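Participant: Provided herewith: run.tsv, TSV, C-alpha atoms and all ligand atoms.
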```
chain	number	residue	atom	x	y	z
A	649	MET	CA	0.00	0.00	0.00
A	650	GLU	CA	1.36	3.43	-0.93
A	651	ILE	CA	1.06	6.06	1.81
A	652	THR	CA	1.20	9.76	1.00
A	653	LEU	CA	1.29	12.64	3.45
A	654	LYS	CA	0.43	16.06	2.06
A	655	ASN	CA	1.29	19.27	3.90
A	656	ILE	CA	0.74	17.73	7.31
A	657	LYS	CA	0.80	19.97	10.35
A	658	LYS	CA	0.49	18.57	13.87
A	659	LYS	CA	0.70	20.54	17.09
A	660	TYR	CA	0.50	19.59	20.75
A	661	GLY	CA	-0.62	22.81	22.44
A	662	SER	CA	1.98	25.32	21.34
A	663	THR	CA	4.56	22.64	20.33
A	664	VAL	CA	4.71	22.14	16.58
A	665	ALA	CA	5.61	18.46	16.09
A	666	LEU	CA	5.26	18.41	12.29
A	667	SER	CA	5.16	21.33	9.95
A	668	GLN	CA	4.20	21.32	6.23
A	669	PHE	CA	5.31	17.72	6.07
A	670	SER	CA	4.92	15.93	2.74
A	671	CYS	CA	6.28	12.56	1.70
A	672	THR	CA	5.36	9.26	0.06
A	673	PHE	CA	6.12	5.80	1.40
A	674	SER	CA	6.15	3.46	-1.57
A	675	ASP	CA	4.24	0.20	-1.76
A	676	GLY	CA	6.24	-2.78	-0.54
A	677	GLU	CA	9.25	-0.71	0.51
A	678	PHE	CA	11.07	-0.55	3.81
A	679	SER	CA	11.17	3.13	4.74
A	680	SER	CA	12.92	4.55	7.77
A	681	LEU	CA	12.03	7.72	9.63
A	682	LEU	CA	15.37	8.82	10.97
A	683	GLY	CA	16.21	11.78	13.15
A	684	PRO	CA	17.13	12.94	16.65
A	685	SER	CA	14.78	12.51	19.57
A	686	GLY	CA	11.85	14.94	19.46
A	687	CYS	CA	11.96	15.58	15.70
A	688	GLY	CA	8.43	14.19	15.17
A	689	LYS	CA	9.00	10.57	14.07
A	690	SER	CA	6.55	8.91	16.47
A	691	THR	CA	3.97	11.59	15.79
A	692	LEU	CA	4.22	10.85	12.09
A	693	LEU	CA	3.84	7.11	12.72
A	694	GLN	CA	0.78	7.70	14.88
A	695	LEU	CA	-0.76	9.84	12.14
A	696	VAL	CA	-0.21	7.07	9.59
A	697	SER	CA	-1.84	4.57	11.96
A	698	GLY	CA	-4.87	6.78	12.58
A	699	ILE	CA	-4.12	7.05	16.33
A	700	LEU	CA	-3.64	10.81	15.84
A	701	LYS	CA	-5.37	13.18	13.47
A	702	PRO	CA	-3.48	15.94	11.63
A	703	ASP	CA	-4.40	19.57	12.34
A	704	GLU	CA	-3.87	20.37	8.68
A	705	GLY	CA	-3.13	18.41	5.51
A	706	GLU	CA	-4.24	14.99	4.36
A	707	ILE	CA	-3.14	11.37	4.31
A	708	LEU	CA	-3.76	9.21	1.25
A	709	MET	CA	-3.61	5.42	1.07
A	710	ASP	CA	-3.13	4.15	-2.46
A	711	GLY	CA	-4.10	7.64	-3.64
A	712	VAL	CA	-7.35	7.79	-1.66
A	713	PRO	CA	-7.70	10.35	1.16
A	714	VAL	CA	-8.44	8.62	4.46
A	715	ASP	CA	-10.61	9.69	7.36
A	716	GLU	CA	-11.31	8.03	10.73
A	717	ALA	CA	-13.84	5.58	9.24
A	718	CYS	CA	-11.40	4.41	6.54
A	719	PHE	CA	-8.70	3.63	9.11
A	720	GLU	CA	-10.88	0.85	10.52
A	721	ASN	CA	-10.62	-0.96	7.20
A	722	ILE	CA	-6.85	-0.67	6.91
A	723	ASN	CA	-4.96	-3.61	8.29
A	724	ILE	CA	-2.06	-2.16	10.30
A	725	GLY	CA	0.57	-4.02	12.32
A	726	TYR	CA	2.22	-1.88	15.02
A	727	VAL	CA	5.36	-2.80	16.97
A	728	PHE	CA	6.38	-0.68	19.96
A	729	GLN	CA	9.70	-0.18	21.71
A	730	ASP	CA	8.40	-1.67	25.00
A	731	PHE	CA	6.92	-4.82	23.36
A	732	SER	CA	3.45	-4.20	24.95
A	733	LEU	CA	2.58	-7.91	25.24
A	734	TYR	CA	-0.39	-9.14	27.27
A	735	PRO	CA	1.29	-10.39	30.47
A	736	ASP	CA	-1.34	-13.03	31.26
A	737	MET	CA	-1.23	-14.63	27.83
A	738	LYS	CA	1.33	-17.14	26.61
A	739	GLY	CA	3.34	-16.41	23.46
A	740	PHE	CA	0.89	-18.37	21.32
A	741	ASP	CA	-2.13	-16.41	22.54
A	742	ASN	CA	-0.32	-13.08	22.27
A	743	ILE	CA	0.42	-13.76	18.61
A	744	ALA	CA	-3.03	-15.22	17.92
A	745	PHE	CA	-4.86	-12.33	19.61
A	746	PRO	CA	-5.47	-10.14	16.50
A	747	LEU	CA	-7.00	-13.16	14.72
A	748	THR	CA	-9.37	-14.13	17.50
A	749	ASN	CA	-11.54	-11.07	16.79
A	750	GLN	CA	-11.60	-11.70	13.06
A	751	ARG	CA	-14.72	-13.50	11.86
A	752	LYS	CA	-14.46	-15.97	8.96
A	753	HIS	CA	-17.78	-16.76	7.36
A	754	GLY	CA	-18.59	-20.37	6.46
A	755	CYS	CA	-16.05	-21.62	8.98
A	756	SER	CA	-16.84	-23.66	12.11
A	757	ARG	CA	-15.22	-22.76	15.44
A	758	LYS	CA	-13.03	-25.85	15.20
A	759	GLU	CA	-11.92	-25.05	11.65
A	760	ARG	CA	-11.18	-21.45	12.62
A	761	LYS	CA	-9.13	-22.61	15.62
A	762	ALA	CA	-7.09	-24.87	13.35
A	763	GLN	CA	-6.56	-22.02	10.86
A	764	ILE	CA	-5.35	-19.71	13.65
A	765	ALA	CA	-3.00	-22.37	15.01
A	766	ALA	CA	-1.55	-22.93	11.54
A	767	LYS	CA	-1.03	-19.19	11.02
A	768	VAL	CA	0.60	-18.67	14.42
A	769	THR	CA	2.92	-21.63	13.82
A	770	GLU	CA	3.88	-20.28	10.40
A	771	ILE	CA	4.75	-16.85	11.83
A	772	ALA	CA	6.56	-18.39	14.81
A	773	ARG	CA	8.68	-20.45	12.41
A	774	LEU	CA	9.53	-17.32	10.41
A	775	LEU	CA	10.62	-15.58	13.63
A	776	ARG	CA	12.31	-18.71	15.06
A	777	ILE	CA	10.24	-18.76	18.27
A	778	GLU	CA	8.29	-22.02	17.82
A	779	GLU	CA	9.70	-23.43	21.07
A	780	LEU	CA	8.68	-20.35	23.02
A	781	LEU	CA	4.97	-20.26	22.25
A	782	GLY	CA	4.05	-21.94	25.56
A	783	ARG	CA	5.81	-19.33	27.68
A	784	TYR	CA	4.44	-16.20	29.35
A	785	PRO	CA	6.14	-12.86	28.52
A	786	ARG	CA	7.85	-12.84	31.94
A	787	GLU	CA	9.53	-16.12	30.98
A	788	LEU	CA	11.02	-14.61	27.82
A	789	SER	CA	14.11	-12.44	27.28
A	790	GLY	CA	13.72	-8.95	25.82
A	791	GLY	CA	14.67	-10.15	22.36
A	792	GLN	CA	12.24	-13.07	22.55
A	793	GLN	CA	9.44	-10.79	23.74
A	794	GLN	CA	10.06	-8.48	20.81
A	795	ARG	CA	9.90	-11.45	18.42
A	796	VAL	CA	6.49	-12.34	19.87
A	797	ALA	CA	5.37	-8.71	19.50
A	798	ILE	CA	6.51	-8.70	15.87
A	799	GLY	CA	4.69	-12.01	15.35
A	800	ARG	CA	1.52	-10.44	16.70
A	801	ALA	CA	1.90	-7.57	14.23
A	802	LEU	CA	2.57	-9.88	11.27
A	803	VAL	CA	-0.01	-12.59	11.94
A	804	LYS	CA	-2.92	-10.66	10.45
A	805	GLU	CA	-0.96	-10.09	7.24
A	806	PRO	CA	-1.00	-6.31	7.56
A	807	ASP	CA	-1.11	-3.90	4.62
A	808	ILE	CA	1.25	-1.69	6.58
A	809	LEU	CA	3.81	-2.54	9.26
A	810	LEU	CA	4.74	0.31	11.60
A	811	MET	CA	7.68	-0.11	14.00
A	812	ASP	CA	8.57	2.51	16.59
A	813	GLU	CA	12.17	2.04	17.82
A	814	PRO	CA	11.56	-1.73	18.09
A	815	PHE	CA	15.17	-2.59	18.91
A	816	ALA	CA	15.90	0.20	21.38
A	817	ASN	CA	15.47	-2.02	24.47
A	818	LEU	CA	17.69	-4.81	23.16
A	819	ASP	CA	21.43	-5.19	23.41
A	820	LYS	CA	23.34	-4.31	20.25
A	821	LYS	CA	24.14	-7.80	18.96
A	822	LEU	CA	20.59	-9.06	19.51
A	823	ALA	CA	19.15	-5.89	18.01
A	824	ASN	CA	21.30	-6.22	14.89
A	825	ASP	CA	20.36	-9.87	14.38
A	826	LEU	CA	16.64	-9.21	14.82
A	827	ARG	CA	16.82	-6.10	12.62
A	828	ASP	CA	18.40	-8.08	9.78
A	829	GLU	CA	15.89	-10.92	10.16
A	830	ILE	CA	12.95	-8.50	10.08
A	831	ARG	CA	14.36	-7.01	6.90
A	832	GLU	CA	14.55	-10.47	5.31
A	833	ILE	CA	10.96	-11.25	6.34
A	834	GLN	CA	9.78	-7.87	5.04
A	835	LYS	CA	11.43	-8.53	1.69
A	836	LYS	CA	9.77	-11.93	1.48
A	837	LEU	CA	6.30	-10.65	2.41
A	838	ARG	CA	6.65	-7.27	0.63
A	839	ILE	CA	4.81	-5.40	3.40
A	840	THR	CA	4.94	-1.62	3.20
A	841	THR	CA	6.99	-0.88	6.33
A	842	ILE	CA	7.78	2.32	8.20
A	843	PHE	CA	10.52	1.99	10.79
A	844	VAL	CA	11.25	4.74	13.31
A	845	THR	CA	14.80	5.03	14.57
A	846	HIS	CA	17.27	7.62	15.85
A	847	ASN	CA	20.14	5.30	14.89
A	848	GLN	CA	21.62	6.08	11.49
A	849	GLY	CA	23.40	2.70	11.38
A	850	ASP	CA	20.10	0.83	11.70
A	851	ALA	CA	18.43	2.99	9.04
A	852	ILE	CA	21.35	2.53	6.64
A	853	ALA	CA	21.42	-1.24	7.21
A	854	VAL	CA	17.81	-1.99	6.33
A	855	SER	CA	16.11	0.80	4.40
A	856	ASP	CA	15.06	1.03	0.79
A	857	ARG	CA	14.51	4.70	1.53
A	858	ILE	CA	15.43	6.95	4.43
A	859	PHE	CA	13.43	10.03	5.45
A	860	LEU	CA	15.74	12.16	7.58
A	861	MET	CA	13.87	14.57	9.84
A	862	GLU	CA	14.75	17.49	12.09
A	863	SER	CA	12.41	19.68	14.17
A	864	GLY	CA	9.26	18.49	12.39
A	865	HIS	CA	10.70	19.01	8.91
A	866	LEU	CA	11.91	16.59	6.26
A	867	MET	CA	15.58	17.38	5.67
A	868	GLN	CA	16.18	14.87	2.88
A	869	GLU	CA	14.84	11.59	1.56
A	870	GLY	CA	16.65	9.02	-0.52
A	871	THR	CA	18.65	5.84	-0.35
A	872	ALA	CA	21.37	5.60	2.25
A	873	ASP	CA	23.86	6.16	-0.55
A	874	ASP	CA	22.04	9.34	-1.72
A	875	LEU	CA	22.20	10.80	1.75
A	876	TYR	CA	25.82	9.78	2.28
A	877	THR	CA	27.21	10.87	-1.07
A	878	ALA	CA	25.00	13.90	-1.76
A	879	PRO	CA	23.79	15.38	1.53
A	880	ALA	CA	21.41	18.30	1.02
A	881	ASN	CA	22.78	20.28	3.94
A	882	LEU	CA	25.14	20.25	6.87
A	883	PHE	CA	22.63	18.56	9.18
A	884	VAL	CA	22.29	15.60	6.80
A	885	ALA	CA	26.05	15.34	6.22
A	886	ASP	CA	26.67	15.21	9.96
A	887	PHE	CA	23.77	12.95	10.94
A	888	ILE	CA	24.40	10.28	8.35
A	889	SER	CA	28.08	9.96	9.22
A	890	GLN	CA	29.00	7.27	11.72
A	891	PHE	CA	31.71	9.38	13.33
A	892	GLY	CA	30.25	12.80	12.56
A	893	ILE	CA	32.04	15.22	10.27
A	894	ASN	CA	34.99	17.56	10.57
A	895	LEU	CA	33.93	21.08	9.80
A	896	ILE	CA	36.63	23.49	8.78
A	897	ARG	CA	36.41	27.07	7.59
A	898	ARG	CA	37.52	27.26	3.98
A	899	ASP	CA	39.64	30.35	4.58
A	900	GLU	CA	41.52	28.59	7.39
A	901	ALA	CA	42.05	25.21	5.70
A	902	ALA	CA	45.49	25.94	4.18
A	903	GLN	CA	46.87	27.18	7.45
A	904	TYR	CA	45.86	23.85	9.01
A	905	GLY	CA	47.63	21.76	6.39
A	906	LEU	CA	44.53	21.12	4.28
A	907	SER	CA	45.48	23.05	1.16
A	908	LYS	CA	43.48	20.72	-1.07
A	909	VAL	CA	40.32	22.11	0.53
A	910	THR	CA	41.32	25.61	-0.48
A	911	GLU	CA	42.21	24.45	-4.01
A	912	LEU	CA	38.95	22.57	-4.59
A	913	PHE	CA	36.72	25.36	-3.38
A	914	ALA	CA	38.82	28.26	-4.69
A	915	LYS	CA	36.09	29.48	-7.05
A	916	GLU	CA	33.20	28.91	-4.66
A	917	LYS	CA	32.83	32.30	-3.09
A	918	ASN	CA	29.73	31.16	-1.13
A	919	CYS	CA	31.64	28.31	0.43
A	920	PHE	CA	32.24	29.10	4.07
A	921	PHE	CA	32.59	25.65	5.65
A	922	VAL	CA	33.95	22.44	4.24
A	923	ALA	CA	32.86	19.12	5.72
A	924	LEU	CA	35.36	16.28	5.75
A	925	ARG	CA	34.29	12.83	6.77
A	926	PRO	CA	36.73	11.10	9.16
A	927	GLU	CA	37.18	8.29	6.63
A	928	GLN	CA	38.28	10.80	3.96
A	929	LEU	CA	41.36	11.88	5.88
A	930	MET	CA	44.63	10.07	5.24
A	931	LEU	CA	47.32	10.22	7.89
A	932	GLU	CA	51.08	9.75	7.57
A	933	PRO	CA	53.68	9.93	10.32
A	934	ALA	CA	55.34	13.34	10.03
A	935	GLU	CA	58.95	13.01	8.88
A	936	ASN	CA	61.42	13.66	11.68
A	937	GLY	CA	58.54	14.75	13.88
A	938	GLY	CA	57.92	17.70	11.51
A	939	GLU	CA	54.93	19.98	11.51
A	940	GLY	CA	51.53	18.38	11.63
A	941	TYR	CA	48.76	17.29	13.95
A	942	THR	CA	49.34	15.74	17.34
A	943	VAL	CA	47.55	12.44	17.94
A	944	LEU	CA	45.52	12.85	21.13
A	945	SER	CA	44.01	9.37	21.08
A	946	SER	CA	43.71	6.43	18.74
A	947	ALA	CA	41.06	3.84	19.62
A	948	TYR	CA	41.61	0.56	17.76
A	949	ASN	CA	38.93	-2.16	17.65
A	950	GLY	CA	40.91	-4.73	15.68
A	951	LEU	CA	39.33	-3.65	12.41
A	952	PHE	CA	39.91	0.09	12.29
A	953	ALA	CA	41.16	2.93	14.48
A	954	VAL	CA	39.39	6.18	15.34
A	955	HIS	CA	41.93	8.95	15.87
A	956	THR	CA	41.52	12.35	17.52
A	957	LEU	CA	44.05	14.90	16.27
A	958	GLN	CA	44.79	18.44	17.26
A	959	LYS	CA	46.62	21.35	15.67
A	960	GLU	CA	46.26	24.64	17.50
A	961	ALA	CA	42.54	25.42	17.57
A	962	VAL	CA	41.52	22.69	15.12
A	963	ARG	CA	40.56	19.21	16.30
A	964	LEU	CA	39.91	16.48	13.72
A	965	CYS	CA	38.51	12.98	13.86
A	966	ALA	CA	40.03	10.52	11.39
A	967	VAL	CA	39.45	6.83	10.75
A	968	GLY	CA	42.16	4.53	9.45
A	969	LEU	CA	43.25	0.94	9.46
A	970	MET	CA	46.04	1.18	12.03
A	971	PRO	CA	46.42	2.99	15.34
A	972	PHE	CA	48.96	5.71	16.09
A	973	SER	CA	50.53	6.36	19.47
A	974	PRO	CA	49.22	9.29	21.46
A	975	GLY	CA	51.68	12.18	21.15
A	976	GLU	CA	52.84	11.14	17.67
A	977	THR	CA	52.85	13.82	14.98
A	978	VAL	CA	51.03	13.09	11.72
A	979	THR	CA	50.34	14.94	8.51
A	980	VAL	CA	46.84	14.94	7.10
A	981	SER	CA	45.79	14.81	3.47
A	982	VAL	CA	42.31	14.67	2.04
A	983	LYS	CA	40.73	12.36	-0.51
A	984	ASN	CA	38.72	14.20	-3.16
A	985	LYS	CA	35.28	13.68	-1.64
A	986	MET	CA	34.28	16.67	0.45
A	987	PHE	CA	31.30	18.98	0.70
A	988	GLY	CA	31.18	22.77	0.78
A	989	PHE	CA	28.50	24.66	2.68
A	990	THR	CA	27.40	28.25	3.02
A	991	GLU	CA	27.60	29.99	6.38
A	992	ASN	CA	23.96	28.90	6.95
A	993	GLY	CA	24.74	25.22	6.37
A	994	ASN	CA	23.24	24.95	2.88
A	995	LYS	CA	25.14	22.84	0.44
A	996	ILE	CA	26.87	24.59	-2.42
A	997	ASN	CA	26.71	22.83	-5.75
A	998	SER	CA	30.19	22.02	-6.85
B	1	LIG	P1	10.33	11.61	18.17
B	1	LIG	O1	9.51	10.39	17.94
B	1	LIG	O2	11.15	12.00	16.97
B	1	LIG	O3	11.18	11.52	19.41
B	1	LIG	P2	7.81	12.87	18.85
B	1	LIG	O4	6.93	12.72	17.67
B	1	LIG	O5	7.60	11.93	20.00
B	1	LIG	O6	9.33	12.86	18.39
B	1	LIG	O7	7.66	14.36	19.42
B	1	LIG	C1	7.75	15.49	18.59
B	1	LIG	C2	7.56	16.73	19.47
B	1	LIG	O8	6.24	16.74	20.02
B	1	LIG	C3	8.51	16.81	20.66
B	1	LIG	O9	8.81	18.16	20.89
B	1	LIG	C4	7.67	16.24	21.80
B	1	LIG	O10	8.09	16.77	23.03
B	1	LIG	C5	6.28	16.73	21.44
B	1	LIG	N1	5.23	15.80	21.88
B	1	LIG	C6	5.07	14.51	21.52
B	1	LIG	N2	3.97	13.97	22.10
B	1	LIG	C7	3.44	14.94	22.86
B	1	LIG	C8	2.29	15.01	23.71
B	1	LIG	N3	1.48	13.97	23.87
B	1	LIG	N4	2.04	16.19	24.33
B	1	LIG	C9	2.85	17.27	24.15
B	1	LIG	N5	3.93	17.28	23.35
B	1	LIG	C10	4.23	16.13	22.73
```
What does this structure look like when you write it as structure tokens?

Facilitator:
Amino acid sequence: MEITLKNIKKKYGSTVALSQFSCTFSDGEFSSLLGPSGCGKSTLLQLVSGILKPDEGEILMDGVPVDEACFENINIGYVFQDFSLYPDMKGFDNIAFPLTNQRKHGCSRKERKAQIAAKVTEIARLLRIEELLGRYPRELSGGQQQRVAIGRALVKEPDILLMDEPFANLDKKLANDLRDEIREIQKKLRITTIFVTHNQGDAIAVSDRIFLMESGHLMQEGTADDLYTAPANLFVADFISQFGINLIRRDEAAQYGLSKVTELFAKEKNCFFVALRPEQLMLEPAENGGEGYTVLSSAYNGLFAVHTLQKEAVRLCAVGLMPFSPGETVTVSVKNKMFGFTENGNKINS
């Protein structure tokens, strides 16, 4: 199901949660709403689910504007951060619950029971929780509880799957495994999915399309690659970068050993800042301890090292394959890829 939001405005008292918000979530795609806490992601999800009503604007499902009555006919699966399972029901009954209220005409009670059991078993197999169906939520780990909650959302074969920070209460390894499995299941079932997260790594790992938000506005939408390689503004460049960005004033770059920055943006009179991703900086030990940056720290995880460097007032973050020793002096050069921005943080086209 394709979901379109047109000029949506939503306020809570005097707080504007969403402002002139327009976007389209494509049928069968995995879309992520990404942004810092408080930027309006959950509000948007609740509008799509019909829990909230917009103050202005409209929501269309497959091109048709929806009102409260229509929402009752849209099959929506919703997964929350805190699992929200029924504590007095076993895993099986929690998953089966959305089906128990669904009537099937021409079907005896016994036949319906068998159909529900078959459906729950199928979903449990997909989520690898068949052995856990006889347990109460209190007898399950956080990850297992979330699997049950996802099963409950999937069992009624929803047109739309909405997930609000579903992995936030799980430890990282478990969260990553479950995230990747959900993505595989979503691809198989082709459910239109909207996933809310503040974690850029999660959004990059699973999304067909990312909608990056800030203060109730859409900053940029696109694939992870679009946002990484062609950020629309400084906010996007910084948010989508695992280690943030290094921001340097163009007119100061040469004095800090980054003459390539000055060269590349020489003709761009509007260019005030240049953003350098940590992975775009190449470091070499300075010959005979010559002029360069001092390594303040160099954290190595066996795969790569994250370095903090300082030269006078400028501090840089760089990522490389090998660690340096704190106190060592290094020279810094820049690979071609860098972005210029105006003083207001808008990208300049170069
Ligand atoms: P996010 O999901 O990105 O963290 P939310 O949609 O929850 O953001 O919130 C967007 C803004 O609306 C925030 O400023 C938040 O404080 C405010 N907000 C959310 N829900 C309510 C509410 N029920 N009452 C008042 N303000 C709210």

Participant: Let me have all residues with an atom within 9 Å of ligand LIG 1 (chain B), counting all atoms listed in the file, laid out as a PyMOL selection string.

Facilitator: chain A and resi 658-666+681-694+812-813+844-846+861-864

Participant: Go through A:Gln794, A:Asn894, A:Thr769, A:Ser679 and flag the residue nearest A:Leu733, using only C-alpha atoms for the distances.

Facilitator: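 Once distances to A:Leu733 are computed over only C-alpha atoms, the minimum belongs to A:Gln794.
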
Participant: How far is it from atom CA of A:Ala885 to atom CA of A:Leu964, in Å with one decimal?

Facilitator: 15.8 Å

Participant: Can you work out the spacing between atom CA of A:Asn655 and atom CA of A:His865 in Å, to one decimal?

Facilitator: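 If I compute the distance from atom CA of A:Asn655 to atom CA of A:His865, I get 10.7 Å.
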
Participant: Residues at most 12 Å from A:Ala901, counting all atoms listed in the file, excluding those fewer than 5 positions away in the same chain, as a ChimeraX atom specification?

Facilitator: /A:894-896,906-914,920-924,959,961-962,980-982

Participant: Report the distance between atom CA of A:Asp886 and atom CA of A:Leu818 in Å, rounded to one decimal place.

Facilitator: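 Here the two named atoms are 25.6 Å from each other.
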